[in-house]
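K.L.:
Shown below is the structure under consideration.
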Amino acid sequence: MATGRLGVGETLEALNAAMGPGSPVWFKETHARHLRVRDFLAPRSALQARFGDGQVPECVFRAVAGLQGPGVAPVLRCESTPAGLSLQLQRPAVFERVLGALASYATPAKPASPGPRIILHCPALRGNPGTLRLSQLRAVLVADHLARTLRAHGVCVCPVPSVRDSHMATFLQKLLVDWPTTSKCASTETLRTCVFAELNSKETVPPGVLGQLCLKELVEKRRSAGYDPSIDNCLVTEDLLSVLSELQEAVRHWPEGGHPGLDGDPDAGVDGCMVVHVVSCEEAVQQQKLDLLWQKLDDQAPLKQKHLVCGPVKVAGVPGTLMTAPEYYQLRYAQVCKASALKHGGNLAQDPAWTKTLDVLSVATIKFEMLSTAPQNQLLLANSTTSTKGTKSGTFVMYNCARLATLFEGYKHGVERGLYPTFPLVNSLDFSLLHDEGEWLLLFNSVLPFLDLLRQTGRLASTPGLHTPVRIETVCKFLVQLSMDFSSYYNRVHILGVSIQHKGVCGQRRGHRVRMREQEDEPGFFSFRNLGHTSLVRCLPAYSF
């Protein structure tokens, strides 16, 4: 059997290269109706633009039909159709390649050499949870998700600030947010000296302010970057210098173990570091001032500073932004408890056995709500009870997670009791028996493209300018679509069949003894096909839940 991870991106790249010079013409099909007859299509209009009369040269046709290469999925057939050039893969071979090497499709490959160092700065974490606005909570969850995604791709991430408020640390633990804590305060002595050197000693400043520095010249120099042109002066306080000092420390003294060969090295290379400020829309201008102040006071400040500004968050029926993050958590927690009580009965919130489950469900609901809309856009939250109906919510995703967990737990216990056989080697299964369209949908639309999607969500824009958009919401959309496809398949297909201890007729498939009967819902049915599609379903938790 061939080895190496198959990829949608690699296959598309090879297909377009086989067409000769020019812009890409191939795209991957996603809709079930089209996937019944093809997997990739080069539309007729694109072929006419490329070849004039739309007729694909014979040499190109042969190159596409015989496509091979690293990461390229094996081709079954390529044919000309009214819609364009249609290509279908060798689906049994793709099933076997993917399901025989699940780890390579679930975990991003580590880069051969260290990538850029990312300082992920979330200023909202300097306060206490009692005053944390929903837009700030959104910024915190976006920063946490971005940190996890970047680390999954081998990027070295240093989260700033280290949380000093014990109540904030407790609240982050409740939200399952992984962020460092500390009890130390960074020294501001050097920065204070720089400020006094820049100040006009005759200038009168308000109490608590060290001085006022003009940033207008820097704004003019960086006009094309996108700084707010109204920024003029910045009132410098001790708190502001403390923020800058902590950022300086993170850049110059990388945390121990954070980057091979750079631990504690003051000359670790500012040029190889990027600072990403993840802020709420209310904090955006103040963060730009901090950015400019850092550049004014420190000639070693990183040149690569990006701002990820999260849009406003509003709650339906609640005027303005009156609801705080802890209040929002309590609202969702109460709704989850109520929904669970209606389904299972009793006051589950008072049952210690349910405490952790209810906490996890509440946090998952909150994170899905906060991350399912593009961070830059406004987010409108529902104030009503969390619905267990519909297919667009985190509740629906978690419901299918529970289905999968129950399915595998039942299989595990069934094997222990001798009701089901142990799972055979994947390469001993006959994947040509998988012809339900739902099976190919799950593999082709969810498993194969997963790492490409994960790579896109963790990609920080390298384009010039101050702001950097991220596409975190695509993960939520992916999970919703995966859940819909799995739910449809689960409701239609008896994945495990029934136990092998019931009466039935023994059969033989490629050396494996299996039970067969005329109807799947009768006792004794555990067909070879069950093993094949169960192998497919086994991979789903690795990609989502």
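By order in the structure tokens, chains are A, B, ...; within a chain, residues start at 1; ligands start at 1, following the order shown.
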Residues within 12 Å of Phe51 (chain A), please, as a PyMOL selection string. Count only C-alpha atoms; anything in the same chain fewer than 5 positions from it doesn't count.
P.N.:
chain A and resi 19-22+25+44-46+56-58+60
K.L.:
Can you list, as a JSON list (two decimals) with N, CA, C and O atoms, in the first residue's frame, every protein, DNA or RNA residue that comes within 12 Å of Val360 (chain A) when you count only C-alpha atoms, leaving out same-chain residues fewer than 2 positions away?
P.N.:
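For reference, around_23.json as written:
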[["chain", "number", "residue", "atom", "x", "y", "z"],
["A", 173, "GLN", "N", -9.82, 29.56, 34.54],
["A", 173, "GLN", "CA", -9.84, 28.11, 34.75],
["A", 173, "GLN", "C", -11.23, 27.55, 34.50],
["A", 173, "GLN", "O", -11.40, 26.49, 33.91],
["A", 174, "LYS", "N", -12.25, 28.30, 34.94],
["A", 174, "LYS", "CA", -13.63, 27.87, 34.74],
["A", 174, "LYS", "C", -13.96, 27.83, 33.25],
["A", 174, "LYS", "O", -14.70, 26.95, 32.79],
["A", 175, "LEU", "N", -13.39, 28.78, 32.49],
["A", 175, "LEU", "CA", -13.62, 28.84, 31.04],
["A", 175, "LEU", "C", -12.70, 27.90, 30.27],
["A", 175, "LEU", "O", -12.75, 27.86, 29.04],
["A", 176, "LEU", "N", -11.84, 27.15, 30.97],
["A", 176, "LEU", "CA", -10.89, 26.24, 30.34],
["A", 176, "LEU", "C", -9.96, 27.00, 29.39],
["A", 176, "LEU", "O", -9.60, 26.52, 28.31],
["A", 329, "TYR", "N", -21.87, 34.08, 31.86],
["A", 329, "TYR", "CA", -21.59, 32.68, 32.20],
["A", 329, "TYR", "C", -22.73, 32.10, 33.04],
["A", 329, "TYR", "O", -23.19, 30.98, 32.78],
["A", 332, "ARG", "N", -25.84, 31.36, 30.88],
["A", 332, "ARG", "CA", -25.73, 30.15, 30.07],
["A", 332, "ARG", "C", -25.70, 28.89, 30.96],
["A", 332, "ARG", "O", -26.26, 27.86, 30.59],
["A", 333, "TYR", "N", -25.08, 28.98, 32.11],
["A", 333, "TYR", "CA", -25.03, 27.84, 33.03],
["A", 333, "TYR", "C", -26.45, 27.47, 33.48],
["A", 333, "TYR", "O", -26.82, 26.29, 33.48],
["A", 336, "VAL", "N", -28.29, 25.80, 30.59],
["A", 336, "VAL", "CA", -27.83, 24.43, 30.37],
["A", 336, "VAL", "C", -28.40, 23.51, 31.44],
["A", 336, "VAL", "O", -28.86, 22.39, 31.14],
["A", 337, "CYS", "N", -28.42, 23.97, 32.69],
["A", 337, "CYS", "CA", -28.98, 23.17, 33.79],
["A", 337, "CYS", "C", -30.46, 22.90, 33.55],
["A", 337, "CYS", "O", -30.96, 21.78, 33.75],
["A", 354, "TRP", "N", -22.99, 15.43, 38.23],
["A", 354, "TRP", "CA", -23.27, 16.21, 37.03],
["A", 354, "TRP", "C", -22.51, 17.53, 37.01],
["A", 354, "TRP", "O", -22.53, 18.24, 35.99],
["A", 355, "THR", "N", -21.86, 17.90, 38.09],
["A", 355, "THR", "CA", -21.24, 19.22, 38.19],
["A", 355, "THR", "C", -20.28, 19.49, 37.05],
["A", 355, "THR", "O", -20.38, 20.52, 36.35],
["A", 356, "LYS", "N", -19.33, 18.59, 36.84],
["A", 356, "LYS", "CA", -18.32, 18.82, 35.81],
["A", 356, "LYS", "C", -18.95, 18.82, 34.42],
["A", 356, "LYS", "O", -18.59, 19.65, 33.56],
["A", 357, "THR", "N", -19.92, 17.93, 34.19],
["A", 357, "THR", "CA", -20.57, 17.87, 32.89],
["A", 357, "THR", "C", -21.27, 19.18, 32.56],
["A", 357, "THR", "O", -21.16, 19.71, 31.45],
["A", 358, "LEU", "N", -22.00, 19.73, 33.53],
["A", 358, "LEU", "CA", -22.72, 20.98, 33.31],
["A", 358, "LEU", "C", -21.75, 22.14, 33.08],
["A", 358, "LEU", "O", -22.01, 23.03, 32.26],
["A", 362, "SER", "N", -21.60, 24.26, 29.59],
["A", 362, "SER", "CA", -21.78, 25.71, 29.62],
["A", 362, "SER", "C", -20.63, 26.42, 28.91],
["A", 362, "SER", "O", -20.84, 27.34, 28.11],
["A", 363, "VAL", "N", -19.41, 26.00, 29.21],
["A", 363, "VAL", "CA", -18.23, 26.62, 28.59],
["A", 363, "VAL", "C", -18.23, 26.36, 27.08],
["A", 363, "VAL", "O", -17.93, 27.26, 26.29],
["A", 364, "ALA", "N", -18.57, 25.15, 26.68],
["A", 364, "ALA", "CA", -18.60, 24.83, 25.25],
["A", 364, "ALA", "C", -19.64, 25.67, 24.53],
["A", 364, "ALA", "O", -19.40, 26.15, 23.42],
["A", 365, "THR", "N", -20.79, 25.88, 25.17],
["A", 365, "THR", "CA", -21.83, 26.72, 24.57],
["A", 365, "THR", "C", -21.33, 28.15, 24.38],
["A", 365, "THR", "O", -21.52, 28.77, 23.33],
["A", 366, "ILE", "N", -20.67, 28.69, 25.41],
["A", 366, "ILE", "CA", -20.15, 30.06, 25.36],
["A", 366, "ILE", "C", -19.09, 30.19, 24.27],
["A", 366, "ILE", "O", -19.10, 31.13, 23.46],
["A", 367, "LYS", "N", -18.14, 29.26, 24.24],
["A", 367, "LYS", "CA", -17.06, 29.35, 23.27],
["A", 367, "LYS", "C", -17.59, 29.25, 21.84],
["A", 367, "LYS", "O", -17.15, 29.98, 20.95],
["A", 395, "THR", "N", -24.80, 23.38, 20.73],
["A", 395, "THR", "CA", -25.55, 22.31, 21.38],
["A", 395, "THR", "C", -25.70, 21.12, 20.44],
["A", 395, "THR", "O", -25.57, 19.97, 20.85],
["A", 398, "MET", "N", -22.39, 19.32, 20.27],
["A", 398, "MET", "CA", -22.15, 18.53, 21.47],
["A", 398, "MET", "C", -23.06, 17.30, 21.53],
["A", 398, "MET", "O", -22.67, 16.25, 22.04]]
K.L.:
Between CA of Ser280 (chain A) and CA of Arg164 (chain A), measure the distance and give it in Å to one decimal.
P.N.:
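Computed distance, CA of Ser280 (chain A) to CA of Arg164 (chain A), equals 20.2 Å.
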K.L.:
Determine which residues of region 267-360 of chain A receive a DSSP assignment of alpha helix (DSSP H), computed from the backbone, and state them as number ranges by chain.
P.N.:
A: 284-297, 325-344, 352-360
K.L.:
Mind checking which residues fall within 7 Å of His277 (chain A), counting only C-alpha atoms, ignoring those fewer than 6 positions away in the same chain, and posting them as an MDAnalysis selection string?
P.N.:
chainID A and resid 120:122 306:308
K.L.:
Rounded to one decimal, what separation in Å do you get between CA of Pro207 (chain A) and CA of Val279 (chain A)?
P.N.:
27.3 Å
K.L.:
Within 9 Å of Val163 (chain A), counting only C-alpha atoms, which residues qualify if same-chain residues fewer than 3 places away don't, as an MDAnalysis selection string?
P.N.:
chainID A and resid 125:127 160 166 168:169 179:183
K.L.:
I need the chosen residues saved as an mmCIF file, in the first residue's frame, with N, CA and C atoms.
P.N.:
data_model
loop_
_atom_site.group_PDB
_atom_site.id
_atom_site.type_symbol
_atom_site.label_atom_id
_atom_site.label_comp_id
_atom_site.auth_asym_id
_atom_site.auth_seq_id
_atom_site.Cartn_x
_atom_site.Cartn_y
_atom_site.Cartn_z
ATOM 1 N N LEU A 125 -6.992 40.972 29.954
ATOM 2 C CA LEU A 125 -6.672 40.099 31.083
ATOM 3 C C LEU A 125 -5.964 40.824 32.218
ATOM 4 N N ARG A 126 -5.798 42.130 32.090
ATOM 5 C CA ARG A 126 -5.171 42.892 33.184
ATOM 6 C C ARG A 126 -6.189 43.355 34.221
ATOM 7 N N GLY A 127 -7.465 43.181 33.950
ATOM 8 C CA GLY A 127 -8.489 43.611 34.891
ATOM 9 C C GLY A 127 -8.942 42.477 35.785
ATOM 10 N N VAL A 160 0.732 37.125 26.688
ATOM 11 C CA VAL A 160 0.968 38.280 27.549
ATOM 12 C C VAL A 160 -0.378 38.987 27.726
ATOM 13 N N SER A 166 -6.118 37.065 41.150
ATOM 14 C CA SER A 166 -6.485 35.677 41.462
ATOM 15 C C SER A 166 -7.909 35.358 41.006
ATOM 16 N N MET A 168 -9.426 36.633 38.371
ATOM 17 C CA MET A 168 -9.362 36.441 36.922
ATOM 18 C C MET A 168 -8.801 35.056 36.599
ATOM 19 N N ALA A 169 -7.769 34.642 37.343
ATOM 20 C CA ALA A 169 -7.180 33.322 37.109
ATOM 21 C C ALA A 169 -8.212 32.217 37.337
ATOM 22 N N TRP A 179 -3.844 30.080 30.224
ATOM 23 C CA TRP A 179 -3.091 31.333 30.197
ATOM 24 C C TRP A 179 -2.192 31.393 31.426
ATOM 25 N N PRO A 180 -0.956 31.902 31.283
ATOM 26 C CA PRO A 180 -0.031 31.917 32.428
ATOM 27 C C PRO A 180 -0.455 32.908 33.508
ATOM 28 N N THR A 181 -0.015 32.634 34.716
ATOM 29 C CA THR A 181 -0.267 33.530 35.850
ATOM 30 C C THR A 181 1.062 33.900 36.502
ATOM 31 N N THR A 182 1.053 34.977 37.277
ATOM 32 C CA THR A 182 2.266 35.414 37.982
ATOM 33 C C THR A 182 1.870 36.306 39.149
ATOM 34 N N SER A 183 2.807 36.481 40.047
ATOM 35 C CA SER A 183 2.595 37.413 41.152
ATOM 36 C C SER A 183 3.590 38.570 41.080
#
K.L.:
Have a look at A:Ile231, A:Leu322, A:Leu448, A:Cys273 and name the one nearest to Ile118 (chain A); count only C-alpha atoms.
P.N.:
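Distance minimum relative to Ile118 (chain A) lands on A:Cys273.
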K.L.:
Could you work out how far CA of Ala65 (chain A) lies from CA of Glu29 (chain A), giving the answer in Å with one decimal?
P.N.:
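Straight-line distance from CA of Glu29 (chain A) to CA of Ala65 (chain A) works out to 17.5 Å.
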K.L.:
For region 142-158 of chain A, work out the shell of residues within 10 Å, counting only C-alpha atoms and skipping chain neighbours fewer than 3 positions away, then give it as a VMD selection string.
P.N.:
chain A and resid 107 to 122 136 to 139 161 to 162 176 to 180 250 to 251 254 to 255 257 to 260 273 to 279 308 310 367 370 to 371 375 451 454 to 460 470 to 473
K.L.:
Please determine, counting only C-alpha atoms, which residue among A:Gln68, A:Ser135, A:Ser230, A:Ser245 has the shortest atom-to-atom distance to Glu189 (chain A).
P.N.:
A:Ser245
K.L.:
So, counting only C-alpha atoms, which residue among A:Leu479, A:Leu244, A:Val309, A:Ala17 is closest to Trp294 (chain A)?
P.N.:
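Using only C-alpha atoms, Trp294 (chain A) sits closest to A:Leu244.
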K.L.:
If you run DSSP over the backbone, which residues in region 36-149 of chain A end up strand (DSSP E)? Put them as a ChimeraX atom specification.
P.N.:
/A:40-43,75-81,84-89,117-121
K.L.:
How would the residues just picked look written out with N, CA and C atoms as a PDB file, in the first residue's frame?
P.N.:
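Written file, part_32.pdb:
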ATOM      1  N   PHE A  40     -13.808  16.214  -8.404  1.00  0.00           N
ATOM      2  CA  PHE A  40     -13.228  17.499  -8.812  1.00  0.00           C
ATOM      3  C   PHE A  40     -13.803  17.872 -10.181  1.00  0.00           C
ATOM      4  N   LEU A  41     -13.858  19.166 -10.451  1.00  0.00           N
ATOM      5  CA  LEU A  41     -14.385  19.632 -11.730  1.00  0.00           C
ATOM      6  C   LEU A  41     -13.584  20.829 -12.235  1.00  0.00           C
ATOM      7  N   ALA A  42     -13.266  20.806 -13.528  1.00  0.00           N
ATOM      8  CA  ALA A  42     -12.762  21.984 -14.234  1.00  0.00           C
ATOM      9  C   ALA A  42     -13.910  22.472 -15.112  1.00  0.00           C
ATOM     10  N   PRO A  43     -14.598  23.562 -14.720  1.00  0.00           N
ATOM     11  CA  PRO A  43     -15.817  23.986 -15.415  1.00  0.00           C
ATOM     12  C   PRO A  43     -15.574  24.280 -16.898  1.00  0.00           C
ATOM     13  N   VAL A  75      -6.316   8.614  -8.941  1.00  0.00           N
ATOM     14  CA  VAL A  75      -7.410   8.943  -9.864  1.00  0.00           C
ATOM     15  C   VAL A  75      -8.021   7.664 -10.422  1.00  0.00           C
ATOM     16  N   LEU A  76      -9.360   7.607 -10.458  1.00  0.00           N
ATOM     17  CA  LEU A  76     -10.059   6.479 -11.070  1.00  0.00           C
ATOM     18  C   LEU A  76     -10.336   6.762 -12.539  1.00  0.00           C
ATOM     19  N   ARG A  77     -10.962   7.910 -12.790  1.00  0.00           N
ATOM     20  CA  ARG A  77     -11.298   8.259 -14.175  1.00  0.00           C
ATOM     21  C   ARG A  77     -11.367   9.771 -14.346  1.00  0.00           C
ATOM     22  N   CYS A  78     -11.106  10.205 -15.565  1.00  0.00           N
ATOM     23  CA  CYS A  78     -11.262  11.602 -15.955  1.00  0.00           C
ATOM     24  C   CYS A  78     -12.007  11.614 -17.278  1.00  0.00           C
ATOM     25  N   GLU A  79     -13.078  12.387 -17.352  1.00  0.00           N
ATOM     26  CA  GLU A  79     -13.876  12.395 -18.572  1.00  0.00           C
ATOM     27  C   GLU A  79     -14.451  13.778 -18.833  1.00  0.00           C
ATOM     28  N   SER A  80     -14.703  14.032 -20.101  1.00  0.00           N
ATOM     29  CA  SER A  80     -15.308  15.296 -20.506  1.00  0.00           C
ATOM     30  C   SER A  80     -16.820  15.174 -20.404  1.00  0.00           C
ATOM     31  N   THR A  81     -17.451  16.141 -19.748  1.00  0.00           N
ATOM     32  CA  THR A  81     -18.901  16.160 -19.560  1.00  0.00           C
ATOM     33  C   THR A  81     -19.425  17.533 -19.953  1.00  0.00           C
ATOM     34  N   GLY A  84     -18.016  20.177 -17.789  1.00  0.00           N
ATOM     35  CA  GLY A  84     -16.587  20.422 -17.877  1.00  0.00           C
ATOM     36  C   GLY A  84     -15.804  19.135 -17.762  1.00  0.00           C
ATOM     37  N   LEU A  85     -14.552  19.258 -17.353  1.00  0.00           N
ATOM     38  CA  LEU A  85     -13.703  18.080 -17.172  1.00  0.00           C
ATOM     39  C   LEU A  85     -13.960  17.533 -15.768  1.00  0.00           C
ATOM     40  N   SER A  86     -14.440  16.302 -15.705  1.00  0.00           N
ATOM     41  CA  SER A  86     -14.861  15.696 -14.448  1.00  0.00           C
ATOM     42  C   SER A  86     -13.866  14.628 -14.031  1.00  0.00           C
ATOM     43  N   LEU A  87     -13.524  14.615 -12.744  1.00  0.00           N
ATOM     44  CA  LEU A  87     -12.540  13.647 -12.243  1.00  0.00           C
ATOM     45  C   LEU A  87     -13.080  12.966 -10.996  1.00  0.00           C
ATOM     46  N   GLN A  88     -12.957  11.656 -10.964  1.00  0.00           N
ATOM     47  CA  GLN A  88     -13.357  10.888  -9.779  1.00  0.00           C
ATOM     48  C   GLN A  88     -12.160  10.096  -9.266  1.00  0.00           C
ATOM     49  N   LEU A  89     -12.037  10.037  -7.943  1.00  0.00           N
ATOM     50  CA  LEU A  89     -10.916   9.351  -7.302  1.00  0.00           C
ATOM     51  C   LEU A  89     -11.206   7.868  -7.114  1.00  0.00           C
ATOM     52  N   ARG A 117       8.446  33.803  16.227  1.00  0.00           N
ATOM     53  CA  ARG A 117       7.932  33.844  17.592  1.00  0.00           C
ATOM     54  C   ARG A 117       6.770  34.817  17.635  1.00  0.00           C
ATOM     55  N   ILE A 118       5.678  34.407  18.277  1.00  0.00           N
ATOM     56  CA  ILE A 118       4.486  35.237  18.355  1.00  0.00           C
ATOM     57  C   ILE A 118       4.242  35.648  19.800  1.00  0.00           C
ATOM     58  N   ILE A 119       4.228  36.957  20.048  1.00  0.00           N
ATOM     59  CA  ILE A 119       3.780  37.477  21.340  1.00  0.00           C
ATOM     60  C   ILE A 119       2.279  37.741  21.191  1.00  0.00           C
ATOM     61  N   LEU A 120       1.473  36.998  21.913  1.00  0.00           N
ATOM     62  CA  LEU A 120       0.025  37.156  21.829  1.00  0.00           C
ATOM     63  C   LEU A 120      -0.439  37.981  23.025  1.00  0.00           C
ATOM     64  N   HIS A 121      -0.776  39.238  22.749  1.00  0.00           N
ATOM     65  CA  HIS A 121      -1.079  40.192  23.820  1.00  0.00           C
ATOM     66  C   HIS A 121      -2.581  40.427  23.910  1.00  0.00           C
TER      67      HIS A 121
END
